[in-house]
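Just below is one structure, and these are the notes that go with it.
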Amino acid sequence: MPFNSFLFLLGFLPFVLVGYALIGRLGDGWAKSWLIAASLLFYGAWAYRFLPLLAISVGGNFLLLRLMDRNDRVGGLVALGLVLNIGLLGWFKYAAPAMWADPILPLGISFFTFTQIGCLLDQAGSSNQPPPRARDYALFVLFFPALTAGPILSAREMLPQFARPGGWRLTSDTLATGATLFIIGLLKKTLLADPLASFVAAGFTDPAALSLLPAWQTAAAWSLQLYFDFSGYTDMAIGLAWMFGIRFPQNFDQPYRARCISDYWQRWHMSLTRFLMNNIHAPLTLAILRRRRQYGLPINQAAQQRAGGFLTMIGMPILVTMVLAGVWHGPALTFLLFGVYHAGLLLMNHGWRLWRAPPLPSLVGVGLTYLCVLVGAVLFRAGSVADAGALLAGMAGLHGFTMSGVDGGAADSHPAVMAVWIAGLYAIVWLAPSTRQLMSGSGFGWRPTPHWAMAMGCAATLGVLASGGTGEFVYFHF
Amino acid sequence: MRYLWCLALAALGSFGLVWLWVATMPMAYMDPEYPSWRAKQVLLDRCDLGEILIVGDSRAAADILPNLLPTTATNLAVGGGESIEAFAVLTRALTCPSAPRLVIVSFDPGHFNRADMFWDRSVRFGFVGGADLTALQTASLATGDLSVYAGRQADGMPASLRDVLYTIRFPPLYFADLARAAGGLRWWRNQHTLATTLAARGQYHFGTAAGSDVVALDGHLTAFRPLPILDLYFDRILALLAARGIEARFMPMPVNEATWQQIHPEVRSAFAAYLASYERRYPLFHVAQDVTPHWPNRFFGDRFCHLNPDGAERFSRLLAQRLQDAPPSTQNEAQNGWLSETGRDASARVLPISKRGS
């Protein structure tokens, strides 16, 4: 049941909101229980066969948290939790595809597993923090706006919200803000991202046939589809949570306006980046620094500027983190290369700073960063390394310079129409305010006025209309 | 709270207006093929059908010009049409006061093998209605073949709900058309197409190029395996006509040389055997000997082997001649092969009706 499906928009969401408004009157516990039940319904309607797996995962992790509270051997329990969680994830994401021809990946497994791993590590790092109550923990992990594709919630930030004693009521303020955010996300998904899908799919079906312009159009269209798909999803998830009085962390901040690649990663899928930084990159870096210190090796900036120091102290943690980030998307060589490629870019980025090369002008920085991201996006989407190479070769002009287009199966995928469409989307990416800026209320920003209500009401209609036959969110596949 | 009320009212009001538009003005926004389908519905509604009905897929829709046939005929074949649409059309046609004398049935092998654009065309255009869908659901469950009925699940809706939404013209299902028509700019063009198709008694062209040497889908089929649900409806068509004593002729439409050379021999023989088995079961059902006739590439207008206007005229004149020579219920083996340029043209051995006596 994707957020943009009729069932969700016209059935599930109104049902859950009405139920929440009514049941919330009985008390906070009832309201939370209702949301847990609704989340299980949301998941079960989509992937009922994996409900037991979800229950075991949540129950098992909760049990570990309780044991950690009562036991002095916290490290061993955390290690056990990590092994079990990563084992479960690894089994379904990597072992099952290797053993069976067409295995089904449990929906959202990466996201609920990462959320729970983060919770275990947070709990282990804070000695005096009591474990969450069962209902709060269940709601924290299962809460349907984040269950299937994130954002990856930090227990330290989010559990206090789920454990808060009051405020489990539907209020007009939260509903108005949440609904507006949700509608904006719906428009991004249905009107901006999905119309590109058939064109992109056609281009990636036979990339070797694409000459210069169609190859660039395909790559650009894909990067924009991904951008608006994920941006739309994020707005919708944040908006949904807001309706129930929960504030999700920011997860998307105009990444194509990044001036360098490390800036990009701080703007794209921010909760995943933060998870990887906190739980892989930072511990690994600290371990390497401690090890060097242990052996009497320098760890200062001068040492980092030497090749050996750079590769050990900066290169190794980045490479490991980005390779894991790459293969997290799936057991494909293209994802591995995607991770290695971005690790290379980040190393160049760090080297540039470390050796104090002059900063690039903003426009050049943004343009260059986007180009690097675009190449990575081709690796990310291509069905094989050969396909990725073929498309990149086409972009380099190695397949000729004819104007033959991509047959996206519809008249509106004509190259000229697509060129105009893509240009319009780039204008939105680089010139339009972000959802956060729009919602901040400054200037022409959103305010809960009748005019805005009328506009958002009509926008909601447009979003629902456009949701007919639209596809799943890209990140639902991970 | 005022904000939420305004938002809800604006959403409901705008959605209602769009729904009204979608329900009442399909000619303003629908796909350019819609008016051709609509023309067939108009002819059906008027019971203005004549003695010969043509049902089948897009090749039949493009290739047979009823106006060139010797008696009043109506082409009710539709793009992507399968036996399900043909059965629905015939059921409706047979409620008219005067029944046809002959029904020409024509599907290419691919339209037995796979579901085509059932939901995207037949249902969305309102050609197949709620009762037809209910019957299809029952038949699909009975045969265990949900390939047509549940063929479009990307929207995540239960099939029964989808039926209802199509029946009530739920606007999101028509959004792509609305967007491409900028709301309603297709009105004039669609009205023109409707008038043209009505004048042509249901025939409408697809490709109009001066030739095509592209290998159509027929050339890529590796086997002929009819879907159980399409087979069931094909049987229903023949049973319906047999029960009413109406003659049915299966007339395969020609493919271009390029396609013909690629058609797998096993597909050809399996297709012929399949039709022959029905010919044995239903005495009023006749099948041309050559089930994959082929014509020179120059007569084809697109990559799907639709005849271009010249080809369609030539084909229809030939058909008219043969119908004149051997009108309904006078079929004999001599007719076999006449549709194929390279096939056995035995028309010379057909005894003209005038010389047969009563």
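Quick note on naming: the chains in the structure tokens go A, B, ... in the order shown, residues restart at 1 in each chain, and ligands are numbered from 1 in order of appearance.
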
Output as JSON lines one row per residue of chain B within 8 Å of chain A: the closest atom pair and its distance in Å to one decimal place, counting only C-alpha atoms, sorted by chain and residue number ascending.
```
{"residue": "B:Met1", "atom": "CA", "partner": "A:Ser172", "partner_atom": "CA", "distance": 5.2}
{"residue": "B:Arg2", "atom": "CA", "partner": "A:Pro450", "partner_atom": "CA", "distance": 7.4}
{"residue": "B:Tyr3", "atom": "CA", "partner": "A:Ala453", "partner_atom": "CA", "distance": 5.4}
{"residue": "B:Leu4", "atom": "CA", "partner": "A:Ala176", "partner_atom": "CA", "distance": 6.1}
{"residue": "B:Cys6", "atom": "CA", "partner": "A:Ala453", "partner_atom": "CA", "distance": 5.5}
{"residue": "B:Leu7", "atom": "CA", "partner": "A:Gly457", "partner_atom": "CA", "distance": 4.4}
{"residue": "B:Ala8", "atom": "CA", "partner": "A:Gly457", "partner_atom": "CA", "distance": 6.1}
{"residue": "B:Leu9", "atom": "CA", "partner": "A:Gly457", "partner_atom": "CA", "distance": 7.2}
{"residue": "B:Ala10", "atom": "CA", "partner": "A:Gly457", "partner_atom": "CA", "distance": 4.7}
{"residue": "B:Ala11", "atom": "CA", "partner": "A:Gly457", "partner_atom": "CA", "distance": 4.0}
{"residue": "B:Leu12", "atom": "CA", "partner": "A:Thr461", "partner_atom": "CA", "distance": 7.7}
{"residue": "B:Ser14", "atom": "CA", "partner": "A:Cys458", "partner_atom": "CA", "distance": 6.0}
{"residue": "B:Phe15", "atom": "CA", "partner": "A:Thr461", "partner_atom": "CA", "distance": 5.6}
{"residue": "B:Ala154", "atom": "CA", "partner": "A:Gly469", "partner_atom": "CA", "distance": 6.5}
{"residue": "B:Asp155", "atom": "CA", "partner": "A:Gly469", "partner_atom": "CA", "distance": 5.2}
{"residue": "B:Gly156", "atom": "CA", "partner": "A:Met1", "partner_atom": "CA", "distance": 6.9}
{"residue": "B:Met157", "atom": "CA", "partner": "A:Leu7", "partner_atom": "CA", "distance": 6.8}
{"residue": "B:Pro171", "atom": "CA", "partner": "A:Leu465", "partner_atom": "CA", "distance": 6.3}
{"residue": "B:Pro172", "atom": "CA", "partner": "A:Leu465", "partner_atom": "CA", "distance": 4.0}
{"residue": "B:Leu173", "atom": "CA", "partner": "A:Gly468", "partner_atom": "CA", "distance": 5.2}
{"residue": "B:Tyr174", "atom": "CA", "partner": "A:Gly468", "partner_atom": "CA", "distance": 7.7}
{"residue": "B:Phe175", "atom": "CA", "partner": "A:Leu465", "partner_atom": "CA", "distance": 5.8}
{"residue": "B:Ala176", "atom": "CA", "partner": "A:Ala466", "partner_atom": "CA", "distance": 7.5}
{"residue": "B:Arg180", "atom": "CA", "partner": "A:Asp412", "partner_atom": "CA", "distance": 8.0}
```

Would you list the contacts of region 17-34 of chain A as an NGL selection string, taking every protein, DNA or RNA residue within 9 Å and counting only C-alpha atoms, but skipping same-chain residues closer than 6 positions in sequence? :A and (135-136 or 139 or 162 or 165-171 or 243-244)

From a DSSP calculation on the backbone, collect every residue of region 53-190 of chain B in helix (DSSP H, G or I) and output the set as number ranges by chain. B: 58-63, 66-68, 83-93, 110-113, 118-123, 130-143, 159-167, 171-180, 187-190

Residues at most 10 Å from Asp206 (chain A), counting only C-alpha atoms, excluding those fewer than 3 positions away in the same chain, as number ranges by chain? A: 201-203, 209-210, 387, 390-391, 406

Find the spatial neighbours of Glu85 (chain B), counting only C-alpha atoms, within a cut-off of 10 Å - ignore same-chain residues fewer than 4 positions away - and output them as a ChimeraX atom specification. /B:55-57,76-78,80-81,89-91,118,122-123,127-128,132,233

Let me see the file: selected residues, N, CA and C atoms, as a short mmCIF file (atom, residue, chain, number, x, y, z; two decimals), in the first residue's frame.
```
data_model
loop_
_atom_site.label_atom_id
_atom_site.label_comp_id
_atom_site.auth_asym_id
_atom_site.auth_seq_id
_atom_site.Cartn_x
_atom_site.Cartn_y
_atom_site.Cartn_z
N VAL B 55 -15.90 -8.92 -36.15
CA VAL B 55 -15.36 -8.79 -34.79
C VAL B 55 -13.93 -9.31 -34.79
N GLY B 56 -13.12 -8.73 -33.91
CA GLY B 56 -11.73 -9.20 -33.85
C GLY B 56 -10.80 -8.15 -33.31
N ASP B 57 -9.57 -8.19 -33.77
CA ASP B 57 -8.54 -7.30 -33.25
C ASP B 57 -8.29 -6.11 -34.18
N LEU B 76 -16.97 -4.18 -36.11
CA LEU B 76 -16.98 -3.98 -34.67
C LEU B 76 -15.67 -4.45 -34.02
N ALA B 77 -14.69 -4.72 -34.84
CA ALA B 77 -13.38 -5.12 -34.31
C ALA B 77 -12.70 -3.90 -33.69
N VAL B 78 -11.88 -4.14 -32.68
CA VAL B 78 -11.24 -3.02 -31.97
C VAL B 78 -9.75 -3.29 -31.74
N GLY B 80 -6.46 -4.13 -30.17
CA GLY B 80 -6.15 -4.95 -29.00
C GLY B 80 -7.29 -5.87 -28.61
N GLY B 81 -8.29 -5.98 -29.48
CA GLY B 81 -9.46 -6.77 -29.14
C GLY B 81 -9.14 -8.26 -29.01
N VAL B 89 -19.53 -7.74 -27.56
CA VAL B 89 -20.13 -7.02 -28.68
C VAL B 89 -21.23 -7.85 -29.33
N LEU B 90 -20.94 -9.12 -29.56
CA LEU B 90 -21.92 -9.98 -30.22
C LEU B 90 -23.15 -10.19 -29.35
N THR B 91 -22.93 -10.31 -28.06
CA THR B 91 -24.07 -10.47 -27.15
C THR B 91 -25.01 -9.28 -27.28
N PHE B 118 -6.68 -4.87 -22.37
CA PHE B 118 -8.06 -5.04 -21.91
C PHE B 118 -8.48 -3.90 -20.98
N SER B 122 -10.34 -1.46 -23.51
CA SER B 122 -11.72 -1.96 -23.53
C SER B 122 -12.51 -1.49 -22.31
N VAL B 123 -11.89 -1.54 -21.14
CA VAL B 123 -12.63 -1.16 -19.93
C VAL B 123 -12.63 0.35 -19.78
N PHE B 127 -16.16 0.11 -23.29
CA PHE B 127 -16.60 -0.85 -24.31
C PHE B 127 -17.07 -2.14 -23.65
N VAL B 128 -16.42 -2.47 -22.56
CA VAL B 128 -16.80 -3.63 -21.77
C VAL B 128 -17.32 -3.09 -20.45
N ASP B 132 -20.19 -7.35 -17.98
CA ASP B 132 -19.17 -8.13 -18.70
C ASP B 132 -18.01 -8.46 -17.77
N TYR B 233 -13.72 -17.82 -24.06
CA TYR B 233 -14.57 -16.81 -24.70
C TYR B 233 -14.69 -17.04 -26.21
#
```

Selection near Trp187 (chain B), 8 Å with only C-alpha atoms, sequence-local residues under 5 positions removed, as a list in words: Met27, Ala28 and Tyr29 of chain B

Could you give me, as a VMD selection string, each residue of region 77-249 of chain B that DSSP assigns to strand (DSSP E or B) when run on this structure's backbone? chain B and resid 102 to 106 247 to 249

Rows by chain and residue number, region 57-142 of chain B within 8 Å of region 249-256 of chain B, shortest pair, only C-alpha atoms, as CSV:
```
residue,atom,partner,partner_atom,distance
B:Arg59,CA,B:Met253,CA,6.4
B:Ala60,CA,B:Met253,CA,6.6
B:Asp63,CA,B:Met253,CA,7.4
B:Leu102,CA,B:Arg249,CA,7.5
B:Val103,CA,B:Arg249,CA,6.4
B:Ile104,CA,B:Arg249,CA,5.0
B:Val105,CA,B:Phe250,CA,4.7
B:Ser106,CA,B:Met251,CA,5.2
B:Phe107,CA,B:Pro252,CA,6.6
B:Asp108,CA,B:Pro252,CA,6.7
```

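Distances to Ser434 (chain A) were evaluated for A:Phe42, A:Phe252, A:Phe230, A:Phe12 using only C-alpha atoms, and the minimum falls at A:Phe252.
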
Can you pull out the residues contacting Leu227 (chain B)? Cut-off 9 Å, using only C-alpha atoms, and skip same-chain residues under 3 positions away; I want them as a ChimeraX atom specification. /B:112-115,145,147,230-232

Can you write out the residues you just picked, keeping all heavy atoms, as a compact mmCIF listing (two decimals), in the first residue's frame?
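Contents of result_25.txt, freshly written:
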```txt
# COMPACT_ATOMS: atom_id res chain seq x y z
N PHE B 112 -4.59 -14.69 -28.95
CA PHE B 112 -5.05 -15.84 -28.18
C PHE B 112 -4.04 -16.13 -27.06
O PHE B 112 -4.36 -16.74 -26.06
CB PHE B 112 -5.15 -17.09 -29.07
CG PHE B 112 -6.33 -17.08 -29.99
CD1 PHE B 112 -6.22 -16.60 -31.29
CD2 PHE B 112 -7.56 -17.55 -29.56
CE1 PHE B 112 -7.31 -16.59 -32.14
CE2 PHE B 112 -8.66 -17.55 -30.42
CZ PHE B 112 -8.53 -17.06 -31.71
N ASN B 113 -2.82 -15.69 -27.31
CA ASN B 113 -1.70 -16.09 -26.43
C ASN B 113 -1.54 -15.21 -25.20
O ASN B 113 -0.97 -15.63 -24.21
CB ASN B 113 -0.39 -15.99 -27.22
CG ASN B 113 0.03 -17.31 -27.81
OD1 ASN B 113 -0.81 -18.19 -27.96
ND2 ASN B 113 1.29 -17.46 -28.12
N ARG B 114 -1.98 -13.96 -25.29
CA ARG B 114 -1.65 -13.05 -24.19
C ARG B 114 -2.76 -12.01 -24.04
O ARG B 114 -3.48 -11.74 -24.98
CB ARG B 114 -0.33 -12.32 -24.49
CG ARG B 114 -0.42 -11.53 -25.75
CD ARG B 114 0.84 -10.84 -26.17
NE ARG B 114 0.73 -10.41 -27.56
CZ ARG B 114 0.07 -9.35 -27.97
NH1 ARG B 114 -0.53 -8.58 -27.10
NH2 ARG B 114 0.01 -9.05 -29.24
N ALA B 115 -2.80 -11.47 -22.83
CA ALA B 115 -3.73 -10.37 -22.58
C ALA B 115 -3.15 -9.12 -23.22
O ALA B 115 -1.95 -8.88 -23.12
CB ALA B 115 -3.89 -10.17 -21.09
N ASP B 145 -7.61 -18.90 -14.74
CA ASP B 145 -6.74 -18.05 -15.56
C ASP B 145 -7.12 -16.59 -15.31
O ASP B 145 -8.09 -16.08 -15.86
CB ASP B 145 -6.92 -18.40 -17.04
CG ASP B 145 -6.08 -17.51 -17.94
OD1 ASP B 145 -5.27 -16.72 -17.41
OD2 ASP B 145 -6.24 -17.60 -19.17
N SER B 147 -5.14 -14.08 -16.01
CA SER B 147 -4.16 -13.26 -16.75
C SER B 147 -4.79 -12.00 -17.34
O SER B 147 -4.13 -10.97 -17.43
CB SER B 147 -3.50 -14.08 -17.85
OG SER B 147 -4.47 -14.72 -18.62
N LEU B 230 -9.17 -16.84 -22.81
CA LEU B 230 -9.45 -16.38 -24.17
C LEU B 230 -10.04 -17.54 -24.99
O LEU B 230 -10.91 -17.33 -25.84
CB LEU B 230 -8.19 -15.82 -24.82
CG LEU B 230 -7.60 -14.59 -24.12
CD1 LEU B 230 -6.36 -14.09 -24.85
CD2 LEU B 230 -8.63 -13.46 -24.05
N ASP B 231 -9.55 -18.72 -24.72
CA ASP B 231 -10.10 -19.89 -25.39
C ASP B 231 -11.57 -20.08 -25.01
O ASP B 231 -12.42 -20.33 -25.86
CB ASP B 231 -9.27 -21.12 -24.99
CG ASP B 231 -9.82 -22.40 -25.57
OD1 ASP B 231 -10.16 -22.40 -26.77
OD2 ASP B 231 -9.94 -23.39 -24.84
N LEU B 232 -11.86 -19.90 -23.73
CA LEU B 232 -13.24 -20.06 -23.26
C LEU B 232 -14.17 -19.07 -23.97
O LEU B 232 -15.26 -19.44 -24.43
CB LEU B 232 -13.29 -19.84 -21.75
CG LEU B 232 -14.70 -19.85 -21.13
CD1 LEU B 232 -15.26 -21.26 -21.11
CD2 LEU B 232 -14.68 -19.30 -19.72
```

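Among the candidates B:Glu33, B:Ser160, B:Pro109, B:Arg169, the residue lying nearest to Leu275 (chain B) is B:Pro109 (atoms considered: only C-alpha atoms).
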
Spatial neighbours of His306 (chain B), 8 Å, only C-alpha atoms, chain gap at least 3 places, as a PyMOL selection string: chain B and resi 58-59+62-63+205-207+255+300-303

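Closest approach to His220 (chain B) among B:Phe170, B:Phe315, B:Phe304, B:Phe234: B:Phe304, based on only C-alpha atoms.
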